[in-house]
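Have a look at entry_13.cif below; it lists mmCIF, C-alpha atoms.
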data_my_file
#
loop_
_atom_site.label_atom_id
_atom_site.label_comp_id
_atom_site.auth_asym_id
_atom_site.auth_seq_id
_atom_site.Cartn_x
_atom_site.Cartn_y
_atom_site.Cartn_z
CA MET D 1 175.80 96.40 100.63
CA LEU D 2 173.24 94.93 98.26
CA ARG D 3 172.02 92.49 100.87
CA GLN D 4 171.73 95.17 103.55
CA LEU D 5 169.77 97.45 101.23
CA PHE D 6 167.48 94.58 100.31
CA ARG D 7 166.96 93.74 103.97
CA LYS D 8 166.20 97.38 104.68
CA GLU D 9 163.49 97.43 101.97
CA LEU D 10 161.95 94.31 103.45
CA THR D 11 162.04 95.41 107.07
CA LEU D 12 160.75 98.86 106.19
CA GLU D 13 157.86 97.31 104.29
CA LEU D 14 157.00 94.93 107.11
CA ARG D 15 157.23 97.72 109.64
CA ARG D 16 154.77 100.07 107.96
CA LYS D 17 152.16 97.57 107.00
CA ALA D 18 149.81 100.19 105.56
CA VAL D 19 151.35 100.11 102.10
CA ILE D 20 151.43 96.37 101.63
CA SER D 21 147.93 95.90 103.01
CA GLY D 22 146.78 98.72 100.74
CA ILE D 23 148.11 96.83 97.74
CA ALA D 24 146.49 93.61 98.91
CA LEU D 25 143.17 95.40 99.34
CA TYR D 26 143.50 96.97 95.91
CA LEU D 27 143.99 93.55 94.35
CA CYS D 28 141.12 92.00 96.30
CA SER D 29 138.67 94.75 95.42
CA THR D 30 139.57 94.57 91.72
CA VAL D 31 139.03 90.82 91.64
CA PHE D 32 135.82 91.19 93.61
CA ILE D 33 134.52 93.80 91.18
CA CYS D 34 135.22 91.36 88.34
CA TYR D 35 133.35 88.69 90.27
CA LEU D 36 130.37 90.94 91.02
CA THR D 37 130.16 92.12 87.42
CA PHE D 38 129.68 88.59 86.22
CA SER D 39 127.91 87.48 89.43
CA LEU D 40 125.84 84.45 88.47
CA ARG D 41 126.86 84.29 84.83
CA GLN D 42 130.11 82.54 85.56
CA ASN D 43 129.77 80.53 82.39
CA GLN D 44 130.15 83.68 80.35
CA ILE D 45 133.74 84.09 81.48
CA THR D 46 135.37 82.54 78.47
CA PRO D 47 139.07 81.72 78.80
CA LEU D 48 139.98 84.82 76.79
CA VAL D 49 137.90 87.09 79.03
CA TRP D 50 139.59 85.49 82.01
CA SER D 51 143.01 86.19 80.55
CA ALA D 52 142.11 89.82 79.74
CA LEU D 53 140.70 90.45 83.22
CA PHE D 54 143.66 88.78 84.86
CA TRP D 55 146.31 90.77 83.03
CA VAL D 56 144.50 94.09 83.41
CA THR D 57 144.20 93.48 87.15
CA ILE D 58 147.83 92.45 87.50
CA LEU D 59 149.11 95.33 85.37
CA PHE D 60 147.30 98.00 87.34
CA SER D 61 148.17 96.60 90.75
CA VAL D 62 151.80 96.18 89.71
CA ILE D 63 152.11 99.74 88.42
CA ASN D 64 150.63 101.05 91.65
CA THR D 65 152.95 98.86 93.69
CA VAL D 66 156.16 99.74 91.92
CA ALA D 67 155.29 103.44 91.64
CA LYS D 68 155.74 103.85 95.35
CA SER D 69 159.23 102.35 95.42
CA PHE D 70 160.82 105.74 94.81
CA LEU D 71 157.86 108.07 95.40
CA GLY D 72 157.73 107.00 99.02
CA GLU D 73 161.28 108.10 99.74
CA LYS D 74 161.79 111.34 101.61
CA LYS D 75 164.22 113.89 100.19
CA GLY D 76 166.59 113.78 103.13
CA ARG D 77 166.68 110.02 103.27
CA GLU D 78 167.57 109.90 99.60
CA MET D 79 170.58 112.11 100.26
CA TYR D 80 171.62 109.74 102.99
CA TYR D 81 171.49 106.71 100.71
CA TYR D 82 173.43 108.63 98.14
CA SER D 83 176.24 109.20 100.58
CA ILE D 84 176.51 105.59 101.76
CA ALA D 85 175.72 103.41 98.74
CA SER D 86 176.43 103.23 95.03
CA PRO D 87 173.48 103.98 92.75
CA THR D 88 173.65 100.56 91.10
CA ALA D 89 173.40 98.83 94.48
CA ILE D 90 170.31 100.90 95.25
CA LEU D 91 168.75 100.10 91.89
CA LEU D 92 169.48 96.38 92.15
CA SER D 93 168.13 96.16 95.67
CA LYS D 94 164.94 97.95 94.67
CA MET D 95 164.64 95.81 91.57
CA GLY D 96 165.11 92.61 93.55
CA TYR D 97 162.62 93.71 96.15
CA ASN D 98 160.08 94.73 93.51
CA PHE D 99 160.55 91.39 91.79
CA LEU D 100 159.72 89.62 95.03
CA LEU D 101 156.70 91.82 95.62
CA ILE D 102 155.36 91.50 92.08
CA THR D 103 155.78 87.72 92.08
CA LEU D 104 153.87 87.56 95.34
CA LEU D 105 151.22 89.87 93.91
CA SER D 106 150.85 87.88 90.68
CA PHE D 107 150.51 84.57 92.48
CA SER D 108 147.98 85.91 95.00
CA GLY D 109 146.11 87.48 92.07
CA TRP D 110 146.04 84.11 90.39
CA LEU D 111 144.80 82.47 93.58
CA LEU D 112 142.01 85.04 93.92
CA PHE D 113 141.03 84.57 90.31
CA VAL D 114 140.81 80.82 90.75
CA LEU D 115 138.80 81.35 93.92
CA PHE D 116 136.27 83.89 92.66
CA LEU D 117 136.15 83.29 88.95
CA ASN D 118 137.35 79.97 87.61
CA ASN D 119 140.51 78.28 86.45
CA PRO D 120 140.60 77.82 82.69
CA LEU D 121 144.30 76.95 82.64
CA ALA D 122 145.29 73.57 81.35
CA ASP D 123 149.01 73.96 81.98
CA THR D 124 149.57 75.51 85.39
CA THR D 125 153.32 74.93 85.64
CA LEU D 126 153.99 76.81 82.44
CA PHE D 127 151.68 79.61 83.59
CA ALA D 128 153.59 79.87 86.87
CA ALA D 129 156.84 80.16 84.93
CA THR D 130 155.26 82.89 82.78
CA LEU D 131 154.18 84.77 85.89
CA VAL D 132 157.71 84.68 87.29
CA LEU D 133 159.20 85.88 84.01
CA THR D 134 156.71 88.71 83.58
CA ALA D 135 157.30 89.72 87.20
CA LEU D 136 160.97 89.97 86.29
CA GLY D 137 160.09 92.07 83.24
CA PHE D 138 157.82 94.39 85.22
CA SER D 139 160.34 94.86 87.99
CA THR D 140 163.25 95.62 85.65
CA SER D 141 161.39 98.14 83.54
CA LEU D 142 159.16 99.78 86.12
CA THR D 143 161.80 100.35 88.80
CA LEU D 144 163.73 102.73 86.56
CA LEU D 145 160.56 104.47 85.44
CA SER D 146 159.40 105.00 88.99
CA ALA D 147 162.75 106.63 89.77
CA LEU D 148 162.22 108.84 86.71
CA ALA D 149 158.65 109.71 87.60
CA ALA D 150 159.59 110.49 91.18
CA LYS D 151 161.76 113.37 90.00
CA ALA D 152 158.96 115.03 88.02
CA ASN D 153 155.74 116.79 88.95
CA HIS D 154 152.42 114.91 88.87
CA SER D 155 154.39 111.71 89.46
CA ASN D 156 151.41 109.41 89.73
CA ILE D 157 149.94 110.20 86.34
CA LEU D 158 153.37 110.25 84.78
CA MET D 159 154.19 106.81 86.14
CA ALA D 160 151.20 105.30 84.35
CA VAL D 161 151.82 107.22 81.13
CA LEU D 162 155.49 106.27 80.96
CA SER D 163 155.10 102.65 81.93
CA PHE D 164 152.22 101.50 79.72
CA PRO D 165 154.05 101.72 76.42
CA VAL D 166 157.23 100.24 77.87
CA VAL D 167 155.75 97.16 79.54
CA ILE D 168 153.48 96.41 76.62
CA SER D 169 155.99 94.20 74.82
CA VAL D 170 156.35 92.08 77.96
CA LEU D 171 152.61 91.98 78.36
CA LEU D 172 151.94 90.98 74.75
CA ILE D 173 154.15 87.93 75.06
CA ALA D 174 152.66 87.04 78.44
CA ILE D 175 149.15 87.18 76.98
CA LYS D 176 150.19 84.96 74.12
CA VAL D 177 151.70 82.35 76.42
CA THR D 178 148.62 82.54 78.65
CA LYS D 179 146.52 81.62 75.64
CA ASN D 180 148.80 78.65 75.01
CA CYS D 181 148.42 77.62 78.66
CA ILE D 182 144.64 77.85 78.42
CA ASP D 183 144.57 75.78 75.27
CA GLY D 184 146.93 73.27 76.84
CA LEU D 185 149.27 73.32 73.89
CA ASP D 186 152.49 71.41 74.00
CA ARG D 187 155.18 73.24 75.97
CA SER D 188 157.60 73.32 73.10
CA VAL D 189 155.22 75.79 71.39
CA SER D 190 155.73 78.35 74.14
CA TYR D 191 159.47 78.02 74.66
CA PRO D 192 160.46 80.55 71.98
CA GLU D 193 158.11 83.10 73.57
CA LEU D 194 159.51 82.52 77.04
CA LEU D 195 163.04 82.85 75.69
CA THR D 196 162.13 86.14 74.01
CA LEU D 197 160.60 87.32 77.26
CA LEU D 198 163.82 86.46 79.06
CA ALA D 199 165.85 88.26 76.40
CA ILE D 200 163.70 91.40 76.67
CA ASN D 201 164.10 91.27 80.45
CA CYS D 202 167.88 91.09 80.12
CA LEU D 203 167.90 93.97 77.64
CA VAL D 204 165.72 96.20 79.81
CA ALA D 205 167.64 95.28 82.96
CA ALA D 206 170.95 96.12 81.30
CA VAL D 207 169.68 99.47 80.05
CA SER D 208 168.24 100.31 83.47
CA TYR D 209 171.52 99.38 85.11
CA LEU D 210 173.42 101.71 82.79
CA LEU D 211 170.99 104.62 83.02
CA PHE D 212 170.09 104.70 86.69
CA PRO D 213 173.21 106.54 87.88
CA TYR D 214 172.21 109.49 85.70
CA ILE D 215 168.80 109.79 87.30
CA TRP D 216 170.19 109.35 90.74
CA ARG D 217 172.75 112.09 90.35
CA SER D 218 170.22 114.93 90.40
CA MET P 1 172.87 120.38 56.81
CA LYS P 2 175.03 120.74 53.71
CA THR P 3 173.47 122.38 50.65
CA TRP P 4 174.18 119.41 48.41
CA ALA P 5 172.20 117.15 50.72
CA LYS P 6 169.21 119.49 50.53
CA ILE P 7 169.39 119.61 46.73
CA LEU P 8 169.81 115.85 46.59
CA SER P 9 166.76 115.40 48.79
CA VAL P 10 164.58 117.61 46.57
CA VAL P 11 165.81 115.97 43.38
CA LEU P 12 165.30 112.46 44.73
CA LEU P 13 161.81 113.26 45.98
CA VAL P 14 160.75 114.82 42.68
CA TYR P 15 162.08 111.69 40.98
CA THR P 16 160.27 109.48 43.53
CA ILE P 17 156.95 111.18 42.97
CA VAL P 18 157.20 111.24 39.17
CA ALA P 19 158.66 107.76 38.78
CA GLY P 20 156.60 106.32 41.62
CA PHE P 21 153.35 107.23 39.92
CA LEU P 22 154.34 106.72 36.29
CA PHE P 23 156.76 103.80 36.12
CA ASP P 24 155.54 100.32 35.43
CA VAL P 25 154.89 98.10 38.45
CA PRO P 26 154.35 94.32 38.61
CA ARG P 27 150.70 93.30 38.25
CA LEU P 28 149.62 91.35 41.32
CA ASN P 29 146.24 90.24 42.56
CA ILE P 30 144.58 92.30 45.31
CA VAL P 31 147.59 94.59 45.67
CA ASN P 32 147.31 96.00 42.13
CA GLU P 33 148.34 99.65 41.85
CA SER P 34 148.48 100.03 45.63
CA ILE P 35 151.93 98.47 45.44
CA ARG P 36 153.12 102.01 44.71
CA SER P 37 152.67 102.77 48.38
CA LEU P 38 156.02 101.01 48.80
CA TYR P 39 157.67 104.26 47.68
CA PHE P 40 155.81 106.38 50.23
CA HIS P 41 154.86 104.16 53.13
CA VAL P 42 158.00 102.10 53.71
CA PRO P 43 160.47 105.05 53.53
CA MET P 44 158.49 106.71 56.36
CA TRP P 45 159.44 103.87 58.69
CA PHE P 46 163.04 103.80 57.52
CA GLY P 47 163.13 107.55 58.11
CA MET P 48 161.46 107.31 61.49
CA ILE P 49 163.88 104.66 62.73
CA ALA P 50 166.82 106.70 61.41
CA LEU P 51 165.62 109.88 63.12
CA PHE P 52 164.90 108.13 66.41
CA THR P 53 168.35 106.54 66.24
CA VAL P 54 169.96 109.94 65.71
CA SER P 55 167.96 111.26 68.64
CA LEU P 56 169.17 108.31 70.72
CA GLY P 57 172.74 109.19 69.77
CA TYR P 58 172.29 112.77 70.92
CA SER P 59 170.73 111.61 74.18
CA ILE P 60 173.76 109.44 74.85
CA LEU P 61 176.02 112.37 74.00
CA TYR P 62 174.03 114.54 76.38
CA LEU P 63 174.46 112.11 79.26
CA ASN P 64 178.18 111.98 78.54
CA LYS P 65 178.60 115.71 78.33
CA PRO P 66 175.55 117.81 79.26
CA SER P 67 174.92 120.63 76.83
CA LEU P 68 171.58 122.14 75.81
CA LYS P 69 172.54 121.84 72.17
CA PHE P 70 172.52 118.04 72.33
CA ASP P 71 169.19 118.19 74.10
CA ALA P 72 167.73 120.38 71.35
CA TYR P 73 168.89 117.89 68.74
CA ALA P 74 167.41 114.94 70.64
CA VAL P 75 164.03 116.64 71.05
CA GLU P 76 163.67 117.86 67.51
CA PHE P 77 164.68 114.58 65.94
CA VAL P 78 161.99 112.89 68.01
CA HIS P 79 159.50 115.57 66.90
CA THR P 80 160.23 114.93 63.25
CA GLY P 81 160.28 111.18 63.78
CA ILE P 82 156.78 111.38 65.24
CA VAL P 83 155.57 113.23 62.14
CA LEU P 84 157.01 110.47 59.96
CA ASN P 85 155.39 107.88 62.22
CA LEU P 86 151.99 109.55 61.74
CA LEU P 87 152.51 109.75 57.98
CA GLY P 88 153.58 106.10 57.91
CA LEU P 89 150.47 105.08 59.84
CA THR P 90 148.26 107.14 57.54
CA THR P 91 149.74 105.79 54.31
CA GLY P 92 149.59 102.28 55.77
CA MET P 93 145.93 102.74 56.65
CA ILE P 94 145.09 103.97 53.16
CA TRP P 95 146.87 100.93 51.73
CA ALA P 96 145.20 98.55 54.19
CA ASN P 97 141.80 99.99 53.34
CA TYR P 98 142.15 98.74 49.77
CA THR P 99 144.04 95.50 50.29
CA TRP P 100 142.87 94.25 53.68
CA GLY P 101 139.44 95.78 53.56
CA SER P 102 139.66 98.07 56.56
CA PRO P 103 142.07 100.80 57.63
CA TRP P 104 142.83 99.37 61.08
CA HIS P 105 143.33 95.66 61.01
CA GLY P 106 145.01 95.03 64.34
CA ASP P 107 148.06 93.68 62.58
CA PRO P 108 151.07 93.22 64.89
CA LYS P 109 153.07 95.72 62.88
CA GLN P 110 150.29 98.27 63.01
CA ASN P 111 149.91 97.84 66.75
CA GLY P 112 153.68 98.05 67.22
CA ALA P 113 153.79 101.30 65.29
CA ALA P 114 150.92 102.74 67.32
CA ILE P 115 152.60 101.73 70.57
CA SER P 116 155.91 103.27 69.53
CA LEU P 117 153.94 106.46 68.85
CA LEU P 118 152.63 106.27 72.43
CA ILE P 119 156.15 105.73 73.76
CA TYR P 120 157.41 108.90 72.15
CA LEU P 121 154.33 110.94 73.05
CA ALA P 122 155.01 109.95 76.65
CA TYR P 123 158.48 111.43 76.13
CA PHE P 124 156.86 114.83 75.62
CA VAL P 125 154.56 114.36 78.60
CA LEU P 126 157.66 113.70 80.69
CA ARG P 127 159.34 116.83 79.37
CA GLY P 128 156.24 118.85 80.06
CA SER P 129 156.09 117.87 83.70
CA ILE P 130 159.60 118.87 84.76
CA ASP P 131 160.35 122.54 85.40
CA ASN P 132 164.10 122.62 85.85
CA GLU P 133 165.76 122.83 82.41
CA ASP P 134 168.82 120.71 83.21
CA GLN P 135 166.80 118.08 84.99
CA LYS P 136 164.30 118.02 82.12
CA ALA P 137 167.09 117.46 79.62
CA ARG P 138 168.77 114.73 81.64
CA LEU P 139 165.67 112.78 82.63
CA SER P 140 164.22 112.94 79.14
CA ALA P 141 167.55 111.73 77.73
CA VAL P 142 167.36 108.76 80.09
CA TYR P 143 163.79 108.04 79.04
CA ASN P 144 164.69 108.40 75.37
CA ILE P 145 167.38 105.73 75.62
CA PHE P 146 165.12 103.49 77.67
CA ALA P 147 162.19 103.94 75.29
CA TYR P 148 164.35 103.11 72.30
CA ALA P 149 165.45 99.88 73.95
CA ALA P 150 161.82 99.04 74.68
CA MET P 151 160.79 99.84 71.12
CA VAL P 152 163.28 97.51 69.44
CA PRO P 153 161.61 94.23 70.48
CA LEU P 154 158.22 95.75 69.76
CA LEU P 155 159.01 96.62 66.16
CA PHE P 156 161.54 94.01 65.16
CA ILE P 157 161.02 90.90 67.26
CA ILE P 158 157.36 90.47 68.23
CA PRO P 159 155.88 91.09 64.74
CA ARG P 160 158.15 88.37 63.40
CA MET P 161 156.93 85.88 65.99
CA THR P 162 153.23 86.29 65.38
CA SER P 163 151.33 85.67 62.21
CA SER P 164 150.91 88.89 60.34
CA MET P 165 149.40 89.89 57.04
CA HIS P 166 151.94 92.63 56.60
CA PRO P 167 154.20 92.04 53.58
CA GLY P 168 157.55 90.76 54.75
CA ASN P 169 156.15 89.13 57.92
CA GLY P 170 154.86 85.78 59.01
CA GLY P 171 155.68 84.01 55.77
CA ASN P 172 154.16 86.71 53.59
CA PRO P 173 156.34 87.80 50.71
CA GLY P 174 158.35 90.94 51.30
CA PHE P 175 158.94 93.37 48.53
CA ASN P 176 161.78 91.19 47.32
CA MET P 177 159.22 88.90 45.72
CA TYR P 178 157.23 91.66 44.08
CA ASP P 179 159.98 93.33 42.15
CA LEU P 180 161.25 90.36 40.26
CA ASP P 181 162.42 92.67 37.48
CA SER P 182 164.07 94.91 40.13
CA GLN P 183 162.35 97.79 38.44
CA MET P 184 160.92 98.84 41.79
CA ARG P 185 164.29 99.01 43.47
CA LEU P 186 165.24 101.80 41.08
CA VAL P 187 162.58 103.97 42.70
CA PHE P 188 162.53 102.50 46.18
CA TYR P 189 166.13 103.14 47.23
CA PRO P 190 166.17 106.76 46.02
CA ALA P 191 162.83 107.23 47.79
CA VAL P 192 164.26 105.98 51.10
CA ILE P 193 167.26 108.31 50.83
CA GLY P 194 165.11 111.25 49.70
CA TRP P 195 162.56 110.98 52.50
CA GLY P 196 165.28 110.37 55.08
CA LEU P 197 167.18 113.45 54.01
CA LEU P 198 163.98 115.51 54.05
CA GLY P 199 163.30 114.36 57.62
CA ALA P 200 166.83 115.26 58.69
CA TRP P 201 166.48 118.64 56.98
CA ILE P 202 163.24 119.48 58.80
CA ALA P 203 164.77 118.34 62.09
CA THR P 204 167.91 120.46 61.70
CA LEU P 205 165.78 123.50 60.80
CA ARG P 206 163.74 122.97 63.94
CA VAL P 207 166.91 122.63 66.00
CA ARG P 208 168.11 125.98 64.68
CA ILE P 209 164.78 127.64 65.49
CA ARG P 210 164.89 126.16 68.97
CA LEU P 211 168.46 127.29 69.65
CA ILE P 212 167.68 130.82 68.39
CA ASN P 213 164.60 130.97 70.61
CA GLU P 214 166.66 129.89 73.59
CA LYS P 215 169.23 132.58 72.83
CA LEU P 216 166.47 135.19 72.51
CA SER P 217 164.92 134.26 75.84
CA ASN P 218 168.35 134.40 77.46
CA LEU P 219 168.87 137.91 76.04
CA GLU P 220 165.50 138.99 77.37
CA HIS P 221 166.45 137.75 80.84
CA ASP P 222 169.68 139.74 80.70
#
What would you get if you wrote out this structure as structure tokens?
Amino acid sequence: MLRQLFRKELTLELRRKAVISGIALYLCSTVFICYLTFSLRQNQITPLVWSALFWVTILFSVINTVAKSFLGEKKGREMYYYSIASPTAILLSKMGYNFLLITLLSFSGWLLFVLFLNNPLADTTLFAATLVLTALGFSTSLTLLSALAAKANHSNILMAVLSFPVVISVLLIAIKVTKNCIDGLDRSVSYPELLTLLAINCLVAAVSYLLFPYIWRS
Amino acid sequence: MKTWAKILSVVLLVYTIVAGFLFDVPRLNIVNESIRSLYFHVPMWFGMIALFTVSLGYSILYLNKPSLKFDAYAVEFVHTGIVLNLLGLTTGMIWANYTWGSPWHGDPKQNGAAISLLIYLAYFVLRGSIDNEDQKARLSAVYNIFAYAAMVPLLFIIPRMTSSMHPGNGGNPGFNMYDLDSQMRLVFYPAVIGWGLLGAWIATLRVRIRLINEKLSNLEHD
């Protein structure tokens, strides 16, 4: 069931390309605005500015991406899923799909940043690992919140308001590890942070898994 | 709440205020007399965590067995917890102004407290944007549990990993090192219990007001 639901998410996304190209365009325009703002003063982009711009861009694109995972569903279709699949299977498939999407988004964001701005990172492998772990954190926490927000009025505003405080602990650790990557510190310095990130992900994923059936029931 | 608990709370708080300002405290550089904020600032956080935990418990109860009473408890305990959070931030800022030199120092603990305030304010935004009463109660219970889980690493794990000037963090001495004569414990523990009980008292009063209001509006509809 899980695999079919996952395949359905993927095929649906590839079939209506408007959403995914919208996200891509969103990311590109944000990076381009950053580029234009600094235009010829590339040397003023200190590593810390780079890190701040990068994470702000990724955070906003990710929230917009995940927000639509439940908002996009029509009422009738939701009823249909409810009758054929268990809520946890639906949650896990959405989570897995969002993880894939966010990882893709983060890496293309990174590519664009290297292309338009510069690449201050000394340790790229570690940074890639951080991106994957934060993508996991974003997908586990935001999927549940998007399901929550979809049930309320003014869903779009609510999604942002609910998710900022919750993803902040993931983001704080990611920013710290990014700084380590920029400074090219020894990897053993960042391992405790990555482990904490993984632990937070597990915690949030477990809580989402337990709570989702209650949201779905309504 | 039982009457004895209310009396105990008042007695303990009177004792805290009198003893907290008059008793002898250890003489330490920089901190000086501001060490007395231990009796007022730290209990706010203990109280806040306790109230949020009670609210979490009621949210879990609500999901197990939906009843508006549990929802009322969950909401009002969060309300009171937020008040304690604001008081804790304020007392902390007054203290920081004298010992760190500025009220907002960007300390990990300070930021964590501010973010947990945001988390719970978002709880009220969520409640405000759902019309259906049952759905409001259920979704906000879900968010409450989720927010609590997100708050735990923020308050208890991340501040311990980063360097912080806050006493008790990042290699700085906690209050265990200040009160070598354990004179301060004699005031601190009663203060924690007193403030906690006061918070619970306010919360239960608010729950009663809320339940009465709900009853009144139901009568009006009939």
9 Å contact set for segment 13-25 of chain P, all atoms listed in the file, chain neighbours under 5 positions out, as JSON, numbers by chain: {"P": [8, 32, 33, 35, 36, 37, 38, 39, 40, 178, 179, 183, 184, 187, 188, 190, 191, 193, 194, 195, 198]}
Can you work out which residues from chain D touch chain P at a cut-off of 9 Å (counting only C-alpha atoms) and hand them back as a PDB file with C-alpha atoms, keeping the file's coordinate frame?
ATOM      1  CA  SER D 141     161.390  98.140  83.540  1.00  0.00           C
ATOM      2  CA  LEU D 145     160.560 104.470  85.440  1.00  0.00           C
ATOM      3  CA  LEU D 148     162.220 108.840  86.710  1.00  0.00           C
ATOM      4  CA  ALA D 149     158.650 109.710  87.600  1.00  0.00           C
ATOM      5  CA  LYS D 151     161.760 113.370  90.000  1.00  0.00           C
ATOM      6  CA  ALA D 152     158.960 115.030  88.020  1.00  0.00           C
ATOM      7  CA  ASN D 153     155.740 116.790  88.950  1.00  0.00           C
ATOM      8  CA  HIS D 154     152.420 114.910  88.870  1.00  0.00           C
ATOM      9  CA  SER D 155     154.390 111.710  89.460  1.00  0.00           C
ATOM     10  CA  LEU D 158     153.370 110.250  84.780  1.00  0.00           C
ATOM     11  CA  VAL D 161     151.820 107.220  81.130  1.00  0.00           C
ATOM     12  CA  LEU D 162     155.490 106.270  80.960  1.00  0.00           C
ATOM     13  CA  SER D 163     155.100 102.650  81.930  1.00  0.00           C
ATOM     14  CA  PHE D 164     152.220 101.500  79.720  1.00  0.00           C
ATOM     15  CA  PRO D 165     154.050 101.720  76.420  1.00  0.00           C
ATOM     16  CA  VAL D 166     157.230 100.240  77.870  1.00  0.00           C
ATOM     17  CA  VAL D 167     155.750  97.160  79.540  1.00  0.00           C
ATOM     18  CA  ILE D 168     153.480  96.410  76.620  1.00  0.00           C
ATOM     19  CA  SER D 169     155.990  94.200  74.820  1.00  0.00           C
ATOM     20  CA  LEU D 172     151.940  90.980  74.750  1.00  0.00           C
ATOM     21  CA  ILE D 173     154.150  87.930  75.060  1.00  0.00           C
ATOM     22  CA  PRO D 192     160.460  80.550  71.980  1.00  0.00           C
ATOM     23  CA  GLU D 193     158.110  83.100  73.570  1.00  0.00           C
ATOM     24  CA  THR D 196     162.130  86.140  74.010  1.00  0.00           C
ATOM     25  CA  ILE D 200     163.700  91.400  76.670  1.00  0.00           C
ATOM     26  CA  LEU D 203     167.900  93.970  77.640  1.00  0.00           C
ATOM     27  CA  VAL D 204     165.720  96.200  79.810  1.00  0.00           C
ATOM     28  CA  VAL D 207     169.680  99.470  80.050  1.00  0.00           C
ATOM     29  CA  SER D 208     168.240 100.310  83.470  1.00  0.00           C
ATOM     30  CA  LEU D 211     170.990 104.620  83.020  1.00  0.00           C
ATOM     31  CA  PHE D 212     170.090 104.700  86.690  1.00  0.00           C
ATOM     32  CA  TYR D 214     172.210 109.490  85.700  1.00  0.00           C
ATOM     33  CA  ILE D 215     168.800 109.790  87.300  1.00  0.00           C
ATOM     34  CA  SER D 218     170.220 114.930  90.400  1.00  0.00           C
TER      35      SER D 218
END
Output check: residues returned by the PyMOL selection byres ((chain P and resi 83) around 12), as a PyMOL selection string: chain P and resi 44-45+47-49+51-52+76-82+84-90+117+120-121+198-200+202-203
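Residue nearest Asn180 of chain D within the list D:Thr103, D:Ser51, D:Asn156, D:Ser146: D:Ser51 [criterion: smallest interatomic distance, all atoms listed in the file].
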Neighbour list for Leu27 of chain D as a VMD selection string, cut-off 9 Å, all atoms listed in the file, skip fewer than 6 positions in-chain: chain D and resid 57 to 58 60 to 61 105 108 to 109 112
Those residues you just picked out, can you put them in a file as a short mmCIF file (atom, residue, chain, number, x, y, z; two decimals), keeping the file's coordinate frame with C-alpha atoms?
data_model
loop_
_atom_site.label_atom_id
_atom_site.label_comp_id
_atom_site.auth_asym_id
_atom_site.auth_seq_id
_atom_site.Cartn_x
_atom_site.Cartn_y
_atom_site.Cartn_z
CA THR D 57 144.20 93.48 87.15
CA ILE D 58 147.83 92.45 87.50
CA PHE D 60 147.30 98.00 87.34
CA SER D 61 148.17 96.60 90.75
CA LEU D 105 151.22 89.87 93.91
CA SER D 108 147.98 85.91 95.00
CA GLY D 109 146.11 87.48 92.07
CA LEU D 112 142.01 85.04 93.92
#
Residues in the PyMOL selection byres ((chain D and resi 4) around 12), expressed as a PyMOL selection string: chain D and resi 1-3+5-12+81+84-85+89-90+92-94+97
Please, could you write that set of residues out with C-alpha atoms as a tab-separated table (two decimals), keeping the file's coordinate frame?
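As written to disk, selection_39.tsv reads:
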chain	number	residue	atom	x	y	z
D	1	MET	CA	175.80	96.40	100.63
D	2	LEU	CA	173.24	94.93	98.26
D	3	ARG	CA	172.02	92.49	100.87
D	5	LEU	CA	169.77	97.45	101.23
D	6	PHE	CA	167.48	94.58	100.31
D	7	ARG	CA	166.96	93.74	103.97
D	8	LYS	CA	166.20	97.38	104.68
D	9	GLU	CA	163.49	97.43	101.97
D	10	LEU	CA	161.95	94.31	103.45
D	11	THR	CA	162.04	95.41	107.07
D	12	LEU	CA	160.75	98.86	106.19
D	81	TYR	CA	171.49	106.71	100.71
D	84	ILE	CA	176.51	105.59	101.76
D	85	ALA	CA	175.72	103.41	98.74
D	89	ALA	CA	173.40	98.83	94.48
D	90	ILE	CA	170.31	100.90	95.25
D	92	LEU	CA	169.48	96.38	92.15
D	93	SER	CA	168.13	96.16	95.67
D	94	LYS	CA	164.94	97.95	94.67
D	97	TYR	CA	162.62	93.71	96.15
Chain and number of each residue from the PyMOL selection byres ((chain D and resi 139) around 8), as a list in words: Val66, Met95, Gly96, Asn98, Phe99, Ile102, Ala135, Leu136, Gly137, Phe138, Thr140, Ser141, Leu142 and Thr143 of chain D
Residue neighbourhood Gly92 of chain P, 9 Å, all atoms listed in the file, exclusion window fewer than 5 positions, as a PyMOL selection string: chain P and resi 37+41-42+87+97+103+110
Please put the answer as AutoDock Vina command-line options: centre and edge lengths, in Å with one decimal, of a box along x, y and z that encloses all listed atoms of segment 121-129 of chain D plus 5 Å on each side.
--center_x 150.6 --center_y 76.9 --center_z 84.1 --size_x 22.5 --size_y 16.6 --size_z 15.5
Within-10 Å shell of (136.5, 82.7, 90.1) in input frame, all atoms listed in the file, as a ChimeraX atom specification: /D:31-32,34-35,38-39,42,45,50,110-120
Distance of atom CA of Thr130 of chain D from atom CA of Leu91 of chain D, expressed in Å to one decimal place: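 Distance reported for this atom pair: 23.7 Å.
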Separation of atom CA of Ala160 of chain D from atom CA of Met93 of chain P in Å: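 Atom-to-atom, atom CA of Met93 of chain P and atom CA of Ala160 of chain D are spaced 28.3 Å apart.
Reported to one decimal place, the separation of atom CA of Leu211 of chain P from atom CA of Lys69 of chain P is 7.3 Å.
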Residue nearest Ala205 of chain D among D:Thr88, D:Ser29, D:Gln44, D:Thr65 (counting only C-alpha atoms):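 Ranking D:Thr88, D:Ser29, D:Gln44, D:Thr65 by distance to Ala205 of chain D, first place goes to D:Thr88.
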Exercise: Ala128 of chain D partners within 10 Å, only C-alpha atoms, chain neighbours under 6 positions left out, as a VMD selection string: chain D and resid 103 106 to 107 110 134 178 181
